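First the structure, in the form of structure tokens, and then the observations on it.
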Amino acid sequence: MTRSHRDESPDRLHVITGGRSRGADDALDAVTLVVAESAPAPGMQSEHAAILRLCRTPTAVVEVAAHLRLPVTVVRILLTDLIDTGQVTARHPAPAPSQSHPFASPDVLEKVLVALHNL
Amino acid sequence: MHSTTSEPEPNGVALPPTASRALKIAVVGGFGVGKTTLVRSVSEIRPLDTEETMTRAGGGVDDLAGVEDKRSTTVAFDFGRITLDATSVLYLFGAPGQERFWFLWDRLFTGSLGAVVLVDTRRIEHSWYAIDRLEQQGTPFVVAHNDFGVEHDLEDVRAALDLDAGVPLIRCDARERASAKQVLITLVQHVQALVAASAPTQRSAT
């Protein structure tokens, strides 16, 4: 399979993020669903435009990364740009299991179970 | 498959416009144990792969500056998904389980509903660290022995893994949809049992 960014120089990733290595919204989880709120504008950075086209329907952060062939870390920075300017909104996962509450809620578990049985 | 444009090419079904909640299950195991195969067997999309780049040293796991030096590590992982209903979708992540990749797990899979540890009796030691770590984190998990058609005594496997009696251990053929599905059902039922067992002390918050 073509893995374009694997062979890519760090320089290009550096350019894509405008040299930033931080600044991504910490709330952006791998499975946060993101949705475009506007169409790409002329002159926009091509990666930003690609995200807006891709996210016409809700799309998880990891899916954006996979389709753009960019590391998740880079995509989180790009998405944060678009969220900050209101071009993308994020639908954050409902309270996820954590150390203090390690289990998903019974409702969620039941829903997952039903869906799996129906597969 | 190969594209001549740089346009993203979504494969398979788009999520419903009403989708708002995503859940995660992690599938962990050594190289070649069948993680991607298991994900593919149940996923509604062809499994996608992507990567996470992180520095190994220090606390700056999210520091892209690491890309520029040799201390950074790139780990590929793949994933699939199952749309549960109009609002919810379940993502399945396959990730290497060896110790040196565990930072990926910490970063990406926090908040998982649970995990499947896929074991291969030829390389059983690749699962030890994953099991230790999951136990330590209190993440619910089940162990599935991908037997590649050769049946082993599960009690031998349990002993070799030094696996707690309370952790479900099942046989599976990751290539078979029904079998892969059963692994996930076993995990969810296990989590349900843990929830029920902890009910008296757990708050009713969802």
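Labels used: A, B, ... for chains in the order of the structure tokens, numbers from 1 for residues in each chain, and numbers from 1 for ligands as shown.
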
Per DSSP on the backbone, filter region 75-174 of chain B down to the residues in helix (DSSP H, G or I) and report them as number ranges by chain.
B: 99-108, 121-123, 125-137, 154-161

Preceding selection exported with N, CA and C atoms as a compact mmCIF listing (two decimals), in the first residue's frame:
# COMPACT_ATOMS: atom_id res chain seq x y z
N GLU B 99 5.73 -3.98 25.00
CA GLU B 99 6.00 -2.88 25.91
C GLU B 99 6.43 -1.60 25.20
N ARG B 100 7.27 -1.74 24.18
CA ARG B 100 7.81 -0.53 23.58
C ARG B 100 6.77 0.28 22.83
N PHE B 101 5.60 -0.29 22.60
CA PHE B 101 4.55 0.45 21.90
C PHE B 101 3.48 0.97 22.84
N TRP B 102 3.69 0.75 24.12
CA TRP B 102 2.57 0.98 25.01
C TRP B 102 2.17 2.45 25.14
N PHE B 103 3.11 3.34 24.84
CA PHE B 103 2.77 4.77 24.92
C PHE B 103 1.64 5.10 23.96
N LEU B 104 1.57 4.35 22.87
CA LEU B 104 0.50 4.56 21.90
C LEU B 104 -0.84 4.23 22.53
N TRP B 105 -0.84 3.15 23.24
CA TRP B 105 -2.05 2.71 23.91
C TRP B 105 -2.53 3.78 24.90
N ASP B 106 -1.61 4.24 25.71
CA ASP B 106 -1.98 5.24 26.72
C ASP B 106 -2.62 6.45 26.07
N ARG B 107 -2.05 6.83 24.95
CA ARG B 107 -2.50 8.03 24.29
C ARG B 107 -3.84 7.83 23.56
N LEU B 108 -3.93 6.76 22.83
CA LEU B 108 -5.07 6.60 21.93
C LEU B 108 -6.26 5.87 22.54
N THR B 121 -0.10 -18.83 20.44
CA THR B 121 0.71 -19.67 21.32
C THR B 121 2.17 -19.77 20.86
N ARG B 122 2.43 -19.37 19.64
CA ARG B 122 3.83 -19.41 19.19
C ARG B 122 4.64 -18.28 19.80
N ARG B 123 3.94 -17.20 20.20
CA ARG B 123 4.66 -16.04 20.76
C ARG B 123 3.90 -15.52 21.96
N GLU B 125 4.72 -14.81 24.85
CA GLU B 125 5.36 -13.78 25.68
C GLU B 125 5.00 -12.36 25.22
N HIS B 126 4.55 -12.24 23.96
CA HIS B 126 4.16 -10.92 23.47
C HIS B 126 2.91 -10.39 24.16
N SER B 127 2.22 -11.26 24.86
CA SER B 127 0.96 -10.84 25.49
C SER B 127 1.13 -10.50 26.96
N TRP B 128 2.22 -10.93 27.55
CA TRP B 128 2.37 -10.74 28.98
C TRP B 128 2.28 -9.29 29.40
N TYR B 129 3.00 -8.45 28.71
CA TYR B 129 3.03 -7.06 29.12
C TYR B 129 1.66 -6.40 28.98
N ALA B 130 0.98 -6.71 27.87
CA ALA B 130 -0.35 -6.12 27.64
C ALA B 130 -1.30 -6.51 28.77
N ILE B 131 -1.24 -7.76 29.16
CA ILE B 131 -2.14 -8.24 30.22
C ILE B 131 -1.82 -7.55 31.54
N ASP B 132 -0.54 -7.47 31.88
CA ASP B 132 -0.13 -6.77 33.10
C ASP B 132 -0.64 -5.33 33.12
N ARG B 133 -0.44 -4.69 31.99
CA ARG B 133 -0.77 -3.28 31.90
C ARG B 133 -2.28 -3.05 32.03
N LEU B 134 -3.05 -3.89 31.37
CA LEU B 134 -4.51 -3.75 31.44
C LEU B 134 -5.01 -4.00 32.86
N GLU B 135 -4.42 -4.99 33.51
CA GLU B 135 -4.81 -5.29 34.89
C GLU B 135 -4.51 -4.08 35.77
N GLN B 136 -3.33 -3.51 35.56
CA GLN B 136 -2.91 -2.36 36.34
C GLN B 136 -3.83 -1.16 36.13
N GLN B 137 -4.23 -0.96 34.90
CA GLN B 137 -5.09 0.19 34.56
C GLN B 137 -6.54 -0.03 34.96
N LEU B 154 -7.16 -24.76 26.29
CA LEU B 154 -7.22 -23.39 26.81
C LEU B 154 -6.66 -23.27 28.23
N GLU B 155 -6.75 -24.35 28.99
CA GLU B 155 -6.19 -24.29 30.35
C GLU B 155 -4.66 -24.16 30.31
N ASP B 156 -4.05 -24.77 29.30
CA ASP B 156 -2.60 -24.61 29.13
C ASP B 156 -2.28 -23.16 28.78
N VAL B 157 -3.12 -22.60 27.91
CA VAL B 157 -2.90 -21.22 27.50
C VAL B 157 -3.06 -20.29 28.71
N ARG B 158 -4.09 -20.56 29.51
CA ARG B 158 -4.33 -19.74 30.70
C ARG B 158 -3.14 -19.81 31.65
N ALA B 159 -2.62 -21.01 31.80
CA ALA B 159 -1.47 -21.18 32.70
C ALA B 159 -0.24 -20.45 32.15
N ALA B 160 -0.03 -20.58 30.85
CA ALA B 160 1.14 -19.94 30.24
C ALA B 160 1.05 -18.42 30.36
N LEU B 161 -0.18 -17.91 30.35
CA LEU B 161 -0.37 -16.46 30.45
C LEU B 161 -0.45 -16.00 31.91

Specify as a PDB file with C-alpha atoms, in the first residue's frame all residues of chain A found within 6 Å of chain B, counting only C-alpha atoms.
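This is the output file iface.pdb:
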ATOM      1  CA  PRO A  10       9.778  15.846   8.841  1.00  0.00           C
ATOM      2  CA  SER A  21       4.367  21.237  17.565  1.00  0.00           C
ATOM      3  CA  ARG A  22       1.787  22.027  20.178  1.00  0.00           C
ATOM      4  CA  VAL A  31     -12.633   9.087  18.169  1.00  0.00           C
ATOM      5  CA  THR A  57     -20.658  14.045   7.523  1.00  0.00           C
ATOM      6  CA  ALA A  66      -6.025   7.911   7.696  1.00  0.00           C
ATOM      7  CA  HIS A  67      -7.615   9.575   4.676  1.00  0.00           C
ATOM      8  CA  LEU A  68      -5.174  12.470   4.665  1.00  0.00           C
ATOM      9  CA  PRO A  71      -0.061  11.374  11.605  1.00  0.00           C
ATOM     10  CA  VAL A  72      -2.874  11.833  14.119  1.00  0.00           C
ATOM     11  CA  ARG A  91     -18.794  16.168  18.968  1.00  0.00           C
ATOM     12  CA  PRO A  93     -17.386  11.378  23.183  1.00  0.00           C
ATOM     13  CA  ALA A  96     -15.712   7.725  28.595  1.00  0.00           C
ATOM     14  CA  PRO A  97     -14.562   5.056  31.011  1.00  0.00           C
ATOM     15  CA  SER A  98     -11.663   6.240  33.149  1.00  0.00           C
ATOM     16  CA  ALA A 104     -19.171   2.175  30.330  1.00  0.00           C
ATOM     17  CA  SER A 105     -22.757   2.764  31.398  1.00  0.00           C
ATOM     18  CA  ALA A 115     -25.706  -4.103  17.633  1.00  0.00           C
TER      19      ALA A 115
END

Could you pull the residues within 8 Å of Val75 (chain A), counting only C-alpha atoms, minus those fewer than 5 positions along the same chain, as JSON, numbers by chain?
{"A": [61, 64, 65, 70]}

Export N, CA and C atoms of the chosen residues as a PDB file, in the first residue's frame?
ATOM      1  N   VAL A  61     -11.590  11.660  14.248  1.00  0.00           N
ATOM      2  CA  VAL A  61     -10.251  12.218  14.069  1.00  0.00           C
ATOM      3  C   VAL A  61      -9.308  11.206  13.402  1.00  0.00           C
ATOM      4  N   VAL A  64      -9.939  10.953   9.689  1.00  0.00           N
ATOM      5  CA  VAL A  64      -9.371  12.094   8.976  1.00  0.00           C
ATOM      6  C   VAL A  64      -7.880  11.841   8.750  1.00  0.00           C
ATOM      7  N   ALA A  65      -7.201  11.393   9.789  1.00  0.00           N
ATOM      8  CA  ALA A  65      -5.760  11.131   9.689  1.00  0.00           C
ATOM      9  C   ALA A  65      -5.468  10.068   8.633  1.00  0.00           C
ATOM     10  N   LEU A  70      -1.787  11.466   7.142  1.00  0.00           N
ATOM     11  CA  LEU A  70      -0.968  12.286   8.034  1.00  0.00           C
ATOM     12  C   LEU A  70      -1.049  11.703   9.435  1.00  0.00           C
TER      13      LEU A  70
END

Go ahead and compute the interatomic distance for CA of Glu37 (chain A) and CA of Gln87 (chain A), in Å to one decimal.
5.0 Å

When DSSP is applied to the backbone of this structure, which of region 15-49 of chain A are assigned strand (DSSP E or B)? Write them out as number ranges by chain.
A: 33-36

Pairwise distance for CA of Gly29 (chain B) and CA of Gly94 (chain B), rounded to one decimal in Å
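The value is 8.0 Å.
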